[in-house]
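> Let me begin by handing over the structure; questions about it come next.
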Amino acid sequence: YAITVITRIFYSVNKCHSGRITARQIRRSDLLSAFHQVDEEEDINKVTRYFSYEHFYVLYCRFWELDHDRDYKITREDLLKYGEQCLSHMIVDRIFDASPRPFGYSKDLDGEGDDDAAAAASGENKEDDANGNAADKDAEKKSPKDYLTYEDFIFFMLSEEDKANEISVRYWFTCIDVDGDGMLNNMEMRSFYALQQHRMQQLGHEYIPFEDMLCQMIDMIKPKNEEFIIVEDFLQEECAPVSGALFDALFNLNKYLQFEQRDPFQERQKREDEYESDWDRFACMDYNRLAMEEEAREEDAMEIDWVTVDDEDEDAEDFNLGLGGSSEAPF
């Protein structure tokens, strides 16, 4: 729980992902007001900023569902299973290779990798070629780009389930901007969308041409230059509610299809509900789902216990039949 709270604070406050929160960043954030609220509020779940235990439960359970080998690391194959396999292979690769990591992990770990490589080149820490090759293989296995830690997963999930804020927009923009020039051009977007088109065809959904999708998104986002999109285009105030639609179109098939088939009445209800953000809404719904599943498991376990007890009672009655004995009550 503590790691979750700390990581969420760094996600929202340390927007440059340097791994260090400055006094200026604290002053410009809502962190101090959240501290005051959590100090005064008796129900921790009412403090949805950073401290909600229900939000922690959702994050950790989602991580636990994917981490099948219980090594606290999510591989690319694990992440592909997220959200009923809604993400494309291409975006998963970009998440591992380019997405921001908490606490400056990516820079620090990459730096360590460079030092190891330099040491290997100079012959340091090598007794012979065989040991050196083994060390190189171990280093490759432990590369930070081969897995996501729990903290990395928190960054991913907060960004995936709420694309209507600056932090998540910058997170996904970095992943889509393959050449790192600060602009999303048609070639980059077309390469991501080609996988979506292929998946739509495989699943029997209506085929949506790239040009039609892009025209619709351009009309919604209204970039300053229609030849490319920059991150500031997504951050326009009027674009906040629809900023995630383009990202979903490029790599999240399930959400893109939901967007295409959306009900205007439900969208209006969503805008007028009690939740402050898409993340708060998702976390509440997913927590209720998890609670219902847990309750169902407990009921099943109780039924199994009762069946076992009944079977034991019947066996005991048969054994004691005619002997004047009686079976002992289970409780």
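In the structure tokens, each chain is lettered A, B, ... as it comes, each chain's residues begin at 1, and ligands are numbered from 1 in order of appearance.
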Please identify all polymer residues within 12 Å of segment 223-233 of chain A, counting only C-alpha atoms, omitting same-chain residues fewer than 6 positions from it, and present them as a PDB file with N, CA and C atoms, in the first residue's frame.

ATOM      1  N   ASN A 165      -5.828  13.449 -19.106  1.00  0.00           N
ATOM      2  CA  ASN A 165      -5.039  14.395 -18.318  1.00  0.00           C
ATOM      3  C   ASN A 165      -3.648  14.523 -18.928  1.00  0.00           C
ATOM      4  N   GLU A 166      -2.945  15.568 -18.549  1.00  0.00           N
ATOM      5  CA  GLU A 166      -1.657  15.881 -19.170  1.00  0.00           C
ATOM      6  C   GLU A 166      -0.634  14.767 -18.995  1.00  0.00           C
ATOM      7  N   ILE A 167      -0.594  14.151 -17.826  1.00  0.00           N
ATOM      8  CA  ILE A 167       0.431  13.143 -17.545  1.00  0.00           C
ATOM      9  C   ILE A 167       0.264  11.934 -18.460  1.00  0.00           C
ATOM     10  N   SER A 168      -0.973  11.436 -18.577  1.00  0.00           N
ATOM     11  CA  SER A 168      -1.198  10.280 -19.434  1.00  0.00           C
ATOM     12  C   SER A 168      -1.025  10.626 -20.915  1.00  0.00           C
ATOM     13  N   VAL A 169      -1.401  11.837 -21.300  1.00  0.00           N
ATOM     14  CA  VAL A 169      -1.212  12.259 -22.691  1.00  0.00           C
ATOM     15  C   VAL A 169       0.268  12.242 -23.044  1.00  0.00           C
ATOM     16  N   ARG A 170       1.099  12.773 -22.171  1.00  0.00           N
ATOM     17  CA  ARG A 170       2.545  12.777 -22.426  1.00  0.00           C
ATOM     18  C   ARG A 170       3.103  11.351 -22.401  1.00  0.00           C
ATOM     19  N   TYR A 171       2.564  10.508 -21.545  1.00  0.00           N
ATOM     20  CA  TYR A 171       3.006   9.112 -21.465  1.00  0.00           C
ATOM     21  C   TYR A 171       2.785   8.422 -22.809  1.00  0.00           C
ATOM     22  N   TRP A 172       1.564   8.517 -23.346  1.00  0.00           N
ATOM     23  CA  TRP A 172       1.249   7.822 -24.597  1.00  0.00           C
ATOM     24  C   TRP A 172       1.847   8.514 -25.800  1.00  0.00           C
ATOM     25  N   PHE A 173       1.967   9.826 -25.747  1.00  0.00           N
ATOM     26  CA  PHE A 173       2.598  10.540 -26.858  1.00  0.00           C
ATOM     27  C   PHE A 173       4.038  10.061 -27.022  1.00  0.00           C
ATOM     28  N   THR A 174       4.735   9.884 -25.894  1.00  0.00           N
ATOM     29  CA  THR A 174       6.116   9.389 -25.945  1.00  0.00           C
ATOM     30  C   THR A 174       6.175   8.005 -26.573  1.00  0.00           C
ATOM     31  N   CYS A 175       5.197   7.155 -26.273  1.00  0.00           N
ATOM     32  CA  CYS A 175       5.190   5.799 -26.830  1.00  0.00           C
ATOM     33  C   CYS A 175       4.899   5.798 -28.332  1.00  0.00           C
ATOM     34  N   ILE A 176       3.999   6.670 -28.780  1.00  0.00           N
ATOM     35  CA  ILE A 176       3.623   6.700 -30.197  1.00  0.00           C
ATOM     36  C   ILE A 176       4.677   7.417 -31.034  1.00  0.00           C
ATOM     37  N   ASP A 177       5.355   8.394 -30.464  1.00  0.00           N
ATOM     38  CA  ASP A 177       6.366   9.182 -31.189  1.00  0.00           C
ATOM     39  C   ASP A 177       7.642   8.353 -31.347  1.00  0.00           C
ATOM     40  N   GLY A 180      10.886  10.169 -32.015  1.00  0.00           N
ATOM     41  CA  GLY A 180      11.274  11.114 -30.967  1.00  0.00           C
ATOM     42  C   GLY A 180      11.425  12.551 -31.409  1.00  0.00           C
ATOM     43  N   ASP A 181      10.726  12.946 -32.497  1.00  0.00           N
ATOM     44  CA  ASP A 181      10.853  14.321 -32.982  1.00  0.00           C
ATOM     45  C   ASP A 181       9.810  15.258 -32.394  1.00  0.00           C
ATOM     46  N   GLY A 182       8.981  14.757 -31.468  1.00  0.00           N
ATOM     47  CA  GLY A 182       7.975  15.593 -30.840  1.00  0.00           C
ATOM     48  C   GLY A 182       6.739  15.819 -31.684  1.00  0.00           C
ATOM     49  N   MET A 183       6.597  15.047 -32.773  1.00  0.00           N
ATOM     50  CA  MET A 183       5.437  15.187 -33.657  1.00  0.00           C
ATOM     51  C   MET A 183       4.937  13.803 -34.058  1.00  0.00           C
ATOM     52  N   LEU A 184       3.618  13.655 -34.096  1.00  0.00           N
ATOM     53  CA  LEU A 184       3.026  12.423 -34.602  1.00  0.00           C
ATOM     54  C   LEU A 184       2.633  12.651 -36.045  1.00  0.00           C
ATOM     55  N   ASN A 185       3.322  11.984 -36.965  1.00  0.00           N
ATOM     56  CA  ASN A 185       3.012  12.151 -38.379  1.00  0.00           C
ATOM     57  C   ASN A 185       2.171  10.981 -38.879  1.00  0.00           C
ATOM     58  N   ASN A 186       1.708  11.104 -40.104  1.00  0.00           N
ATOM     59  CA  ASN A 186       0.826  10.081 -40.669  1.00  0.00           C
ATOM     60  C   ASN A 186       1.488   8.713 -40.721  1.00  0.00           C
ATOM     61  N   MET A 187       2.788   8.676 -41.003  1.00  0.00           N
ATOM     62  CA  MET A 187       3.475   7.395 -41.128  1.00  0.00           C
ATOM     63  C   MET A 187       3.479   6.646 -39.796  1.00  0.00           C
ATOM     64  N   GLU A 188       3.765   7.361 -38.703  1.00  0.00           N
ATOM     65  CA  GLU A 188       3.778   6.726 -37.385  1.00  0.00           C
ATOM     66  C   GLU A 188       2.387   6.222 -37.011  1.00  0.00           C
ATOM     67  N   MET A 189       1.389   7.068 -37.197  1.00  0.00           N
ATOM     68  CA  MET A 189       0.037   6.669 -36.822  1.00  0.00           C
ATOM     69  C   MET A 189      -0.482   5.542 -37.708  1.00  0.00           C
ATOM     70  N   LEU A 214      -8.532   8.980 -39.185  1.00  0.00           N
ATOM     71  CA  LEU A 214      -7.697  10.158 -38.947  1.00  0.00           C
ATOM     72  C   LEU A 214      -8.483  11.441 -39.172  1.00  0.00           C
ATOM     73  N   CYS A 215      -9.326  11.462 -40.189  1.00  0.00           N
ATOM     74  CA  CYS A 215     -10.149  12.651 -40.454  1.00  0.00           C
ATOM     75  C   CYS A 215     -11.059  12.947 -39.269  1.00  0.00           C
ATOM     76  N   MET A 217     -10.542  12.089 -36.117  1.00  0.00           N
ATOM     77  CA  MET A 217      -9.733  12.527 -34.981  1.00  0.00           C
ATOM     78  C   MET A 217      -9.218  13.952 -35.164  1.00  0.00           C
ATOM     79  N   CYS A 239     -10.115  19.769 -25.780  1.00  0.00           N
ATOM     80  CA  CYS A 239      -9.761  18.423 -26.253  1.00  0.00           C
ATOM     81  C   CYS A 239      -9.667  17.405 -25.125  1.00  0.00           C
ATOM     82  N   ALA A 240      -9.678  17.859 -23.885  1.00  0.00           N
ATOM     83  CA  ALA A 240      -9.479  16.951 -22.755  1.00  0.00           C
ATOM     84  C   ALA A 240     -10.415  15.736 -22.765  1.00  0.00           C
ATOM     85  N   VAL A 242     -11.749  14.163 -25.191  1.00  0.00           N
ATOM     86  CA  VAL A 242     -11.579  13.251 -26.333  1.00  0.00           C
ATOM     87  C   VAL A 242     -10.119  12.971 -26.656  1.00  0.00           C
ATOM     88  N   SER A 243      -9.213  13.434 -25.801  1.00  0.00           N
ATOM     89  CA  SER A 243      -7.781  13.288 -26.103  1.00  0.00           C
ATOM     90  C   SER A 243      -7.355  11.836 -26.205  1.00  0.00           C
ATOM     91  N   LEU A 246      -7.872   9.153 -29.887  1.00  0.00           N
ATOM     92  CA  LEU A 246      -6.871   8.837 -30.906  1.00  0.00           C
ATOM     93  C   LEU A 246      -5.933   7.740 -30.424  1.00  0.00           C
TER      94      LEU A 246
END
> Considering only C-alpha atoms, can you say which of A:Leu250, A:Ala23, A:Ile154, A:Ile74 comes closest to Tyr60 of chain A?
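Smallest distance to Tyr60 of chain A is found for A:Ile154.
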> Taking 4 positions as the minimum chain separation for residues in the same chain, which residues sit within 9 Å of Ile44 of chain A when counting only C-alpha atoms? Answer as a list in words.
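My list of contacting residues is Val38, Thr48, Phe51, Ser52, Tyr53 and Glu54 of chain A.
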> Restricted to C-alpha atoms, what would the selected residues look like written as a short mmCIF file (atom, residue, chain, number, x, y, z; two decimals), in the first residue's frame?

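part-v8.cif written:
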data_model
loop_
_atom_site.label_atom_id
_atom_site.label_comp_id
_atom_site.auth_asym_id
_atom_site.auth_seq_id
_atom_site.Cartn_x
_atom_site.Cartn_y
_atom_site.Cartn_z
CA VAL A 38 -6.38 12.42 4.58
CA THR A 48 -9.30 9.44 -4.04
CA PHE A 51 -4.50 7.44 -0.61
CA SER A 52 -7.62 5.42 -1.44
CA TYR A 53 -7.22 1.82 -0.30
CA GLU A 54 -9.77 0.71 -2.87
#
> Got a sec: who's within 7 Å of Ser88 of chain A, counting only C-alpha atoms, leaving out chain neighbours fewer than 4 positions off, as number ranges by chain?
A: 92, 195, 251-252
> To one decimal place in Å, what is the distance between atom CA of Phe96 of chain A and atom CA of Tyr147 of chain A?
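Result for atom CA of Phe96 of chain A versus atom CA of Tyr147 of chain A: 7.0 Å, one decimal.
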